[in-house]
Structures are given as structure tokens and as C-alpha cells.
>>> print(open('my_file_23.txt').read())   # compact mmCIF, C-alpha atoms
# COMPACT_ATOMS: atom_id res chain seq x y z
CA MET A 1 50.51 97.05 74.49
CA THR A 2 49.46 93.84 76.26
CA ALA A 3 52.10 91.83 74.33
CA ILE A 4 54.79 94.31 75.29
CA LEU A 5 53.84 94.09 78.98
CA ALA A 6 53.82 90.28 78.76
CA ASP A 7 57.32 90.21 77.27
CA ALA A 8 58.74 92.55 79.92
CA PRO A 9 59.15 89.88 82.67
CA ALA A 10 60.82 87.49 80.22
CA ALA A 11 63.27 90.21 79.15
CA ALA A 12 64.00 91.04 82.79
CA ARG A 13 64.67 87.39 83.59
CA TRP A 14 66.97 87.09 80.58
CA ASP A 15 68.86 90.22 81.62
CA SER A 16 69.26 88.94 85.19
CA ARG A 17 70.54 85.59 83.91
CA ARG A 18 73.04 87.34 81.67
CA ARG A 19 74.30 89.46 84.58
CA ALA A 20 74.57 86.34 86.76
CA GLY A 21 76.52 84.56 84.01
CA ARG A 22 78.93 87.47 83.70
CA PHE A 23 79.38 87.58 87.47
CA LEU A 24 80.15 83.84 87.62
CA MET A 25 82.61 84.15 84.75
CA PHE A 26 84.34 87.10 86.43
CA ALA A 27 84.49 85.23 89.75
CA ALA A 28 85.96 82.17 88.04
CA ILE A 29 88.63 84.33 86.36
CA VAL A 30 89.51 85.97 89.68
CA LEU A 31 89.78 82.60 91.45
CA LEU A 32 91.92 81.16 88.67
CA CYS A 33 94.27 84.16 88.73
CA ALA A 34 94.53 83.94 92.52
CA TRP A 35 95.22 80.20 92.30
CA VAL A 36 98.08 80.78 89.85
CA LEU A 37 99.52 84.13 90.93
CA LEU A 38 99.20 84.04 94.75
CA PRO A 39 101.80 81.26 95.31
CA ILE A 40 104.21 83.01 92.93
CA TYR A 41 103.66 86.32 94.73
CA LEU A 42 104.26 84.79 98.17
CA LEU A 43 107.37 83.04 96.85
CA ILE A 44 108.81 86.32 95.53
CA VAL A 45 107.91 88.17 98.75
CA ASN A 46 109.73 85.62 100.92
CA ALA A 47 112.70 85.44 98.55
CA LEU A 48 113.11 89.23 98.80
CA SER A 49 112.76 89.32 102.60
CA SER A 50 115.35 88.86 105.31
CA PRO A 51 115.71 85.48 107.05
CA ASN A 52 114.13 86.85 110.24
CA GLU A 53 111.12 88.12 108.30
CA VAL A 54 110.67 84.77 106.54
CA THR A 55 110.54 82.83 109.80
CA GLY A 56 108.83 85.56 111.83
CA PHE A 57 105.15 86.15 112.49
CA PRO A 58 102.95 87.86 111.37
CA LYS A 59 103.95 87.39 107.75
CA ARG A 60 104.68 90.36 105.54
CA MET A 61 102.56 90.90 102.44
CA LEU A 62 105.10 93.27 100.90
CA PRO A 63 108.79 92.45 100.43
CA SER A 64 111.46 94.39 102.27
CA PHE A 65 113.73 93.93 99.22
CA ASP A 66 116.45 92.33 101.29
CA THR A 67 118.62 90.52 98.74
CA GLY A 68 120.74 88.70 101.30
CA SER A 69 119.06 85.33 100.72
CA ILE A 70 119.25 85.67 96.93
CA SER A 71 122.91 86.71 97.06
CA PHE A 72 123.82 83.83 99.36
CA PHE A 73 122.00 81.38 97.12
CA ILE A 74 123.59 82.66 93.91
CA ASN A 75 127.06 82.49 95.46
CA PHE A 76 126.41 79.00 96.81
CA ALA A 77 128.89 76.50 95.34
CA GLY A 78 127.48 74.75 92.29
CA VAL A 79 124.47 77.00 91.68
CA ALA A 80 125.95 78.83 88.67
CA LYS A 81 126.92 75.56 86.98
CA ALA A 82 123.51 74.02 87.68
CA LEU A 83 121.78 77.12 86.29
CA TRP A 84 123.84 76.93 83.11
CA ASN A 85 123.05 73.21 82.76
CA SER A 86 119.32 73.94 83.10
CA ILE A 87 119.47 76.63 80.42
CA LEU A 88 121.52 74.42 78.10
CA VAL A 89 119.27 71.38 78.52
CA ALA A 90 116.10 73.46 78.08
CA ALA A 91 117.49 75.07 74.92
CA LEU A 92 118.46 71.70 73.45
CA THR A 93 115.03 70.33 74.36
CA MET A 94 113.34 73.21 72.54
CA VAL A 95 115.43 72.72 69.40
CA LEU A 96 114.89 68.96 69.32
CA SER A 97 111.18 69.18 70.12
CA ILE A 98 110.50 71.76 67.42
CA GLY A 99 112.86 70.13 64.92
CA ILE A 100 111.09 66.79 65.27
CA GLY A 101 107.57 67.84 66.30
CA ALA A 102 106.92 70.49 63.63
CA PRO A 103 107.65 68.20 60.62
CA ALA A 104 105.62 65.42 62.26
CA GLY A 105 102.69 67.79 62.84
CA TYR A 106 102.92 69.02 59.25
CA ALA A 107 102.94 65.47 57.89
CA LEU A 108 99.93 64.51 60.00
CA SER A 109 97.97 67.55 58.80
CA ARG A 110 98.85 67.34 55.09
CA PHE A 111 99.30 63.67 54.20
CA ASP A 112 97.09 60.60 54.44
CA PHE A 113 98.93 57.34 55.07
CA PRO A 114 98.07 53.95 56.55
CA GLY A 115 98.12 53.99 60.32
CA LYS A 116 97.80 57.77 60.63
CA GLU A 117 95.28 57.66 63.48
CA ALA A 118 97.23 54.91 65.21
CA PHE A 119 100.37 57.03 64.97
CA ARG A 120 98.61 59.99 66.58
CA PHE A 121 97.39 57.71 69.36
CA LEU A 122 100.86 56.25 69.92
CA VAL A 123 102.39 59.72 70.09
CA LEU A 124 99.99 60.58 72.88
CA MET A 125 100.50 57.23 74.60
CA THR A 126 104.19 57.95 75.13
CA ARG A 127 103.11 59.99 78.15
CA ALA A 128 101.27 56.98 79.60
CA PHE A 129 104.52 55.33 80.70
CA PRO A 130 105.69 56.71 84.07
CA LEU A 131 109.23 58.00 84.03
CA PRO A 132 110.29 56.15 87.23
CA LEU A 133 109.43 52.89 85.49
CA LEU A 134 111.88 53.71 82.69
CA ALA A 135 114.60 55.17 84.91
CA LEU A 136 116.67 52.01 85.35
CA PRO A 137 116.66 50.97 81.65
CA LEU A 138 117.47 54.56 80.64
CA ALA A 139 120.34 54.75 83.12
CA VAL A 140 121.83 51.47 81.87
CA MET A 141 121.46 52.47 78.21
CA PHE A 142 122.96 55.91 78.81
CA ILE A 143 125.94 54.45 80.69
CA ARG A 144 126.62 52.05 77.82
CA THR A 145 126.34 54.77 75.18
CA GLY A 146 128.25 57.44 77.12
CA LEU A 147 125.24 59.78 77.43
CA ASP A 148 124.99 59.55 81.20
CA ASP A 149 125.67 62.74 83.15
CA THR A 150 125.60 64.85 79.96
CA PRO A 151 123.27 67.70 78.93
CA VAL A 152 122.64 66.01 75.57
CA GLY A 153 121.44 62.77 77.17
CA LEU A 154 119.14 64.61 79.56
CA ALA A 155 117.82 66.78 76.70
CA ILE A 156 116.90 63.61 74.78
CA VAL A 157 114.83 62.40 77.72
CA HIS A 158 113.14 65.79 78.12
CA THR A 159 112.45 65.87 74.38
CA THR A 160 110.64 62.56 74.74
CA LEU A 161 108.44 64.17 77.40
CA ALA A 162 107.77 67.33 75.40
CA LEU A 163 107.42 65.81 71.92
CA PRO A 164 103.74 64.72 72.19
CA PHE A 165 102.71 68.30 73.01
CA ALA A 166 104.82 69.67 70.15
CA VAL A 167 103.34 67.23 67.63
CA LEU A 168 99.72 67.78 68.66
CA ILE A 169 100.02 71.57 68.88
CA THR A 170 101.67 71.92 65.49
CA PHE A 171 99.25 69.39 63.96
CA SER A 172 96.24 71.47 65.04
CA LEU A 173 97.85 74.68 63.80
CA PHE A 174 98.92 73.32 60.42
CA SER A 175 95.42 71.90 60.02
CA GLY A 176 94.01 75.38 60.55
CA ILE A 177 96.13 76.89 57.76
CA PRO A 178 94.32 76.53 54.39
CA PHE A 179 96.01 74.14 52.01
CA GLU A 180 95.07 76.45 49.15
CA LEU A 181 97.77 78.89 50.26
CA GLU A 182 100.43 76.28 49.56
CA GLU A 183 98.85 75.40 46.23
CA ALA A 184 98.91 79.09 45.26
CA ALA A 185 102.61 79.23 46.14
CA TRP A 186 103.25 76.15 43.98
CA THR A 187 101.57 77.79 41.00
CA LEU A 188 103.88 80.78 41.45
CA GLY A 189 106.96 78.59 41.15
CA CYS A 190 107.69 77.58 44.74
CA THR A 191 108.66 74.06 45.62
CA ARG A 192 106.92 72.29 48.52
CA LEU A 193 109.80 73.17 50.81
CA GLN A 194 109.81 76.83 49.72
CA ALA A 195 106.04 77.05 50.14
CA PHE A 196 106.34 75.59 53.63
CA TRP A 197 109.14 77.95 54.64
CA LYS A 198 107.75 81.15 53.08
CA VAL A 199 104.00 80.68 53.50
CA VAL A 200 103.14 78.12 56.16
CA MET A 201 105.93 78.73 58.65
CA PRO A 202 105.24 82.46 59.21
CA LEU A 203 101.57 81.67 59.85
CA ALA A 204 102.44 78.82 62.20
CA LEU A 205 105.09 80.76 64.11
CA PRO A 206 102.80 81.43 67.12
CA GLY A 207 102.21 77.69 67.44
CA ILE A 208 105.92 76.99 67.13
CA ALA A 209 106.54 79.49 69.92
CA ALA A 210 103.86 77.81 72.05
CA SER A 211 105.53 74.45 71.49
CA ALA A 212 108.85 76.01 72.49
CA VAL A 213 107.30 77.37 75.69
CA PHE A 214 105.91 73.95 76.62
CA ALA A 215 109.20 72.25 75.87
CA PHE A 216 111.15 74.85 77.86
CA THR A 217 108.91 74.66 80.92
CA ILE A 218 108.80 70.84 80.88
CA SER A 219 112.59 70.65 80.71
CA TRP A 220 113.12 73.45 83.22
CA ASN A 221 110.82 71.94 85.86
CA GLU A 222 111.64 68.24 85.37
CA VAL A 223 113.53 66.80 88.32
CA PHE A 224 113.30 63.00 88.37
CA ALA A 225 115.30 62.23 85.22
CA ALA A 226 117.74 65.00 86.05
CA ALA A 227 118.35 63.53 89.50
CA VAL A 228 118.74 59.94 88.22
CA LEU A 229 120.75 60.49 85.03
CA THR A 230 123.16 63.18 86.24
CA ILE A 231 125.70 63.32 89.03
CA GLU A 232 128.12 66.20 88.45
CA ASN A 233 126.24 67.99 85.65
CA ARG A 234 122.97 68.38 87.51
CA THR A 235 120.32 70.87 86.47
CA LEU A 236 119.08 73.47 88.91
CA THR A 237 116.03 71.43 89.94
CA ALA A 238 118.11 68.33 90.71
CA PHE A 239 120.71 70.45 92.47
CA LEU A 240 118.06 72.03 94.68
CA LEU A 241 116.58 68.64 95.47
CA GLN A 242 120.00 67.39 96.52
CA SER A 243 121.41 70.41 98.32
CA LEU A 244 118.53 72.41 99.75
CA ASN A 245 116.28 69.71 101.19
CA VAL A 246 117.75 70.34 104.65
CA SER A 247 118.55 74.02 104.11
CA PRO A 248 116.93 76.88 106.01
CA LEU A 249 113.52 78.05 104.86
CA TYR A 250 114.74 81.36 103.43
CA LEU A 251 117.20 79.56 101.14
CA LYS A 252 114.41 77.30 99.89
CA PHE A 253 112.39 80.37 98.95
CA ALA A 254 115.41 81.83 97.18
CA GLY A 255 115.91 78.58 95.27
CA GLY A 256 112.23 78.47 94.33
CA ALA A 257 112.42 82.01 93.00
CA ALA A 258 115.51 81.07 90.98
CA LEU A 259 113.43 78.35 89.31
CA VAL A 260 110.27 80.36 88.72
CA VAL A 261 111.61 83.74 87.58
CA PRO A 262 113.56 82.58 84.46
CA ALA A 263 110.56 80.60 83.22
CA LEU A 264 108.30 83.62 83.72
CA ILE A 265 110.76 85.86 81.87
CA PHE A 266 110.88 83.42 78.95
CA ILE A 267 107.08 83.18 78.74
CA PHE A 268 106.79 86.97 78.93
CA ALA A 269 109.29 87.30 76.07
CA VAL A 270 107.18 85.12 73.74
CA ARG A 271 103.76 86.27 75.00
CA LYS A 272 102.77 87.90 71.70
CA TYR A 273 103.13 84.57 69.92
CA LEU A 274 101.07 82.83 72.58
CA PHE A 275 98.27 85.39 72.26
CA ALA A 276 98.40 85.19 68.47
CA MET A 277 98.19 81.41 68.60
CA TRP A 278 94.52 81.54 69.54
CA GLY A 279 93.71 83.44 66.37
CA ILE A 280 95.32 80.75 64.20
CA ALA A 281 93.84 77.86 66.15
CA ASN A 282 90.31 79.27 65.79
CA ARG A 283 90.47 79.74 62.01
>>> encode(input="my_file_23.txt", output="C-alpha cells")
Amino acid sequence: MTAILADAPAAARWDSRRRAGRFLMFAAIVLLCAWVLLPIYLLIVNALSSPNEVTGFPKRMLPSFDTGSISFFINFAGVAKALWNSILVAALTMVLSIGIGAPAGYALSRFDFPGKEAFRFLVLMTRAFPLPLLALPLAVMFIRTGLDDTPVGLAIVHTTLALPFAVLITFSLFSGIPFELEEAAWTLGCTRLQAFWKVVMPLALPGIAASAVFAFTISWNEVFAAAVLTIENRTLTAFLLQSLNVSPLYLKFAGGAALVVPALIFIFAVRKYLFAMWGIANR
């Protein structure tokens, strides 16, 4: 009985610490969600409000669902073309990033070769060079090769920005898939390519989708290269930087919503692969 009474304060302290840890974790989650979602919410509220409500005071916390600003922005000359250019460049960036990054990640996870660690380091170091430093050489090279002011040329630059993430994500995912599964497929008559396509690729699909999301968002939000390397075929971000910097506030909110909403829709469409990615990465 004495031992039980002696252990009671220790158990109470442990229980109080556990409750305090849960409270801190819950508070951190709430703050993180507010940090991410509150600006998006305020952006959508102002984009769906009338110009007088955007500039008036006090501010509204609920939208009046006035689509005048959105309609004016959509019908603004050049917006439709810039939106199409953004979608096209982002799609090309996804294809190139996955087409190059997935084989590179597979090779890093399955093969040992001289300079493997140095190659991984160099892939990551490509992000150490600031894009403004490379802008002038890129512009000169693209003019000489005919890639200036084209979606393909801009997609190549965006692929360079997204490729390190694609390689590292797919490398970690392929490393988490047991090599014995491929060996079992070989014993059943599959070639290495067939084993990769029929066994490894379905398991790695969440990671491929995550790489696609990163590549899409990087390309969609990138503005410096798009502003320097394009003139008539600008993406939506470069077009907004050029045309809306002196526009009224309500049009800036409408343009911001036009940038944010498509990216959110794309991420929502592939959310199941993103959630499933954690299961593969933790194997």
C-alpha cells in the first residue's frame, strides 16, 4: 500500500506532462493552420467582395460574393493567354521533372557507382546558385538557340529548379521499396524494365505525385525567369507583375486569387497520393 501511494504523485506528474504535451502540440497545429490558411482566406474574401468593400473599413470577414472584380480581371486583355501559358509551362515542367528525376532517383537507390554521393550533393547544390545571377547567360543562350519567349524554354528553366526535389523525393521512396520485390518479379520472368513498371512504379506512385505537385507549384509561382525570358508569351505571374503593379487593390486581390486557386485545386486533386506517400516513406 505504501508503494502504491508513493507512485501516485509520479503518475500524476506524468499524466500532467502528457496533457501539457498534447496541448502544446494542438496549439502548434492551430498556429500552423492559421499561418497557412488565414492569408488564403482573406485573399478569397477580398477577391469575392466589391471594390468599395475591399477599400472600405471595417473589413468584412465574410465575402459578399460580388464577382465583379473577378469578371473584370478574367476579361482583362492578355489574362487568358497568360493563364494558358502558365498551365502549359507547369505541365511541361511536371513531365520533364518526373521523366528525368524518377530514373535518376531509381538509379541512386538501386545502383552503386563511383561518385554516387558526390552526384547527390551536386544535385542539391544546383539550388545554391541564385537565379538572378544566371539570368543574363540564360537570356543570351536562349536567344541564340531560339528558346527565348517560348513555353518550352521557360519549362526547361523551371525543370532545373524542380529537378533536385524530384530526384531526392523519388530516391527516398525507391529506397523504401524492398529490392526483394523486384528480384521476385525477375524470377517470375519479368525483365528489369517490366519489374520496374509493374512492381515498383505502382508502389512509388504517391511519391511521383508528390514530385509532380512540387514541380507544378514551383513552375506556377516562379516569376523572375518568366519575367526575364518572356515578352509576349508571359505566364500569369509575370503578366501580373507587369500589368497589375499599379492597378487598384481589388484587381490585385483578384489576380492573387487567380494564382492561388488553380494550385489549390491541383493539390486537392492529388491529395490521396500525398497522404499515401507518408506510408511508403516510413516503411
>>> residues_around(input="my_file_23.txt", residues="stretch 40-55 of chain A", least_positions_apart="5", cutoff="9 Å", atoms="all atoms listed in the file", output="list in words")
Arg60, Met61, Leu62, Pro63, Ser64, Phe65, Asp66, Thr67, Gly68, Ser69, Ile70, Pro248, Leu249, Tyr250, Leu251, Lys252, Phe253, Ala254, Gly255, Gly256, Ala257, Val260 and Val261 of chain A
>>> residues_around(input="my_file_23.txt", residues="A:Arg127", least_positions_apart="2", cutoff="9 Å", atoms="all atoms listed in the file", output="PyMOL selection string")
chain A and resi 123-125+129-131+160-161+164
>>> atom_distance(input="my_file_23.txt", atom1="atom CA of A:Arg234", atom2="atom CA of A:Ala82")
5.7 Å
>>> residues_near_point(input="my_file_23.txt", point="(102.8, 78.7, 60.3)", cutoff="12 Å", atoms="only C-alpha atoms", output="PDB file with C-alpha atoms, in the coordinates of the input")
ATOM      1  CA  ALA A 102     106.920  70.490  63.630  1.00  0.00           C
ATOM      2  CA  PRO A 103     107.650  68.200  60.620  1.00  0.00           C
ATOM      3  CA  GLY A 105     102.690  67.790  62.840  1.00  0.00           C
ATOM      4  CA  TYR A 106     102.920  69.020  59.250  1.00  0.00           C
ATOM      5  CA  ILE A 169     100.020  71.570  68.880  1.00  0.00           C
ATOM      6  CA  THR A 170     101.670  71.920  65.490  1.00  0.00           C
ATOM      7  CA  PHE A 171      99.250  69.390  63.960  1.00  0.00           C
ATOM      8  CA  SER A 172      96.240  71.470  65.040  1.00  0.00           C
ATOM      9  CA  LEU A 173      97.850  74.680  63.800  1.00  0.00           C
ATOM     10  CA  PHE A 174      98.920  73.320  60.420  1.00  0.00           C
ATOM     11  CA  SER A 175      95.420  71.900  60.020  1.00  0.00           C
ATOM     12  CA  GLY A 176      94.010  75.380  60.550  1.00  0.00           C
ATOM     13  CA  ILE A 177      96.130  76.890  57.760  1.00  0.00           C
ATOM     14  CA  PRO A 178      94.320  76.530  54.390  1.00  0.00           C
ATOM     15  CA  PHE A 179      96.010  74.140  52.010  1.00  0.00           C
ATOM     16  CA  LEU A 181      97.770  78.890  50.260  1.00  0.00           C
ATOM     17  CA  GLU A 182     100.430  76.280  49.560  1.00  0.00           C
ATOM     18  CA  ALA A 195     106.040  77.050  50.140  1.00  0.00           C
ATOM     19  CA  PHE A 196     106.340  75.590  53.630  1.00  0.00           C
ATOM     20  CA  TRP A 197     109.140  77.950  54.640  1.00  0.00           C
ATOM     21  CA  LYS A 198     107.750  81.150  53.080  1.00  0.00           C
ATOM     22  CA  VAL A 199     104.000  80.680  53.500  1.00  0.00           C
ATOM     23  CA  VAL A 200     103.140  78.120  56.160  1.00  0.00           C
ATOM     24  CA  MET A 201     105.930  78.730  58.650  1.00  0.00           C
ATOM     25  CA  PRO A 202     105.240  82.460  59.210  1.00  0.00           C
ATOM     26  CA  LEU A 203     101.570  81.670  59.850  1.00  0.00           C
ATOM     27  CA  ALA A 204     102.440  78.820  62.200  1.00  0.00           C
ATOM     28  CA  LEU A 205     105.090  80.760  64.110  1.00  0.00           C
ATOM     29  CA  PRO A 206     102.800  81.430  67.120  1.00  0.00           C
ATOM     30  CA  GLY A 207     102.210  77.690  67.440  1.00  0.00           C
ATOM     31  CA  ILE A 208     105.920  76.990  67.130  1.00  0.00           C
ATOM     32  CA  ALA A 209     106.540  79.490  69.920  1.00  0.00           C
ATOM     33  CA  ALA A 210     103.860  77.810  72.050  1.00  0.00           C
ATOM     34  CA  TYR A 273     103.130  84.570  69.920  1.00  0.00           C
ATOM     35  CA  ALA A 276      98.400  85.190  68.470  1.00  0.00           C
ATOM     36  CA  MET A 277      98.190  81.410  68.600  1.00  0.00           C
ATOM     37  CA  GLY A 279      93.710  83.440  66.370  1.00  0.00           C
ATOM     38  CA  ILE A 280      95.320  80.750  64.200  1.00  0.00           C
ATOM     39  CA  ALA A 281      93.840  77.860  66.150  1.00  0.00           C
TER      40      ALA A 281
END
>>> atom_distance(input="my_file_23.txt", atom1="atom CA of A:Leu259", atom2="atom CA of A:Leu83")
9.0 Å
>>> closest_residue(input="my_file_23.txt", among="A:Val79, A:Leu154, A:Leu24, A:Leu229", to="A:Val140", atoms="all atoms listed in the file")
A:Leu229
>>> atom_distance(input="my_file_23.txt", atom1="atom CA of A:Gly101", atom2="atom CA of A:Leu163")
6.0 Å
>>> residues_around(input="my_file_23.txt", residues="A:Phe224", least_positions_apart="5", cutoff="10 Å", atoms="only C-alpha atoms", output="list in words")
Leu131, Pro132, Ala135, Leu229, Thr237, Ala238 and Leu241 of chain A
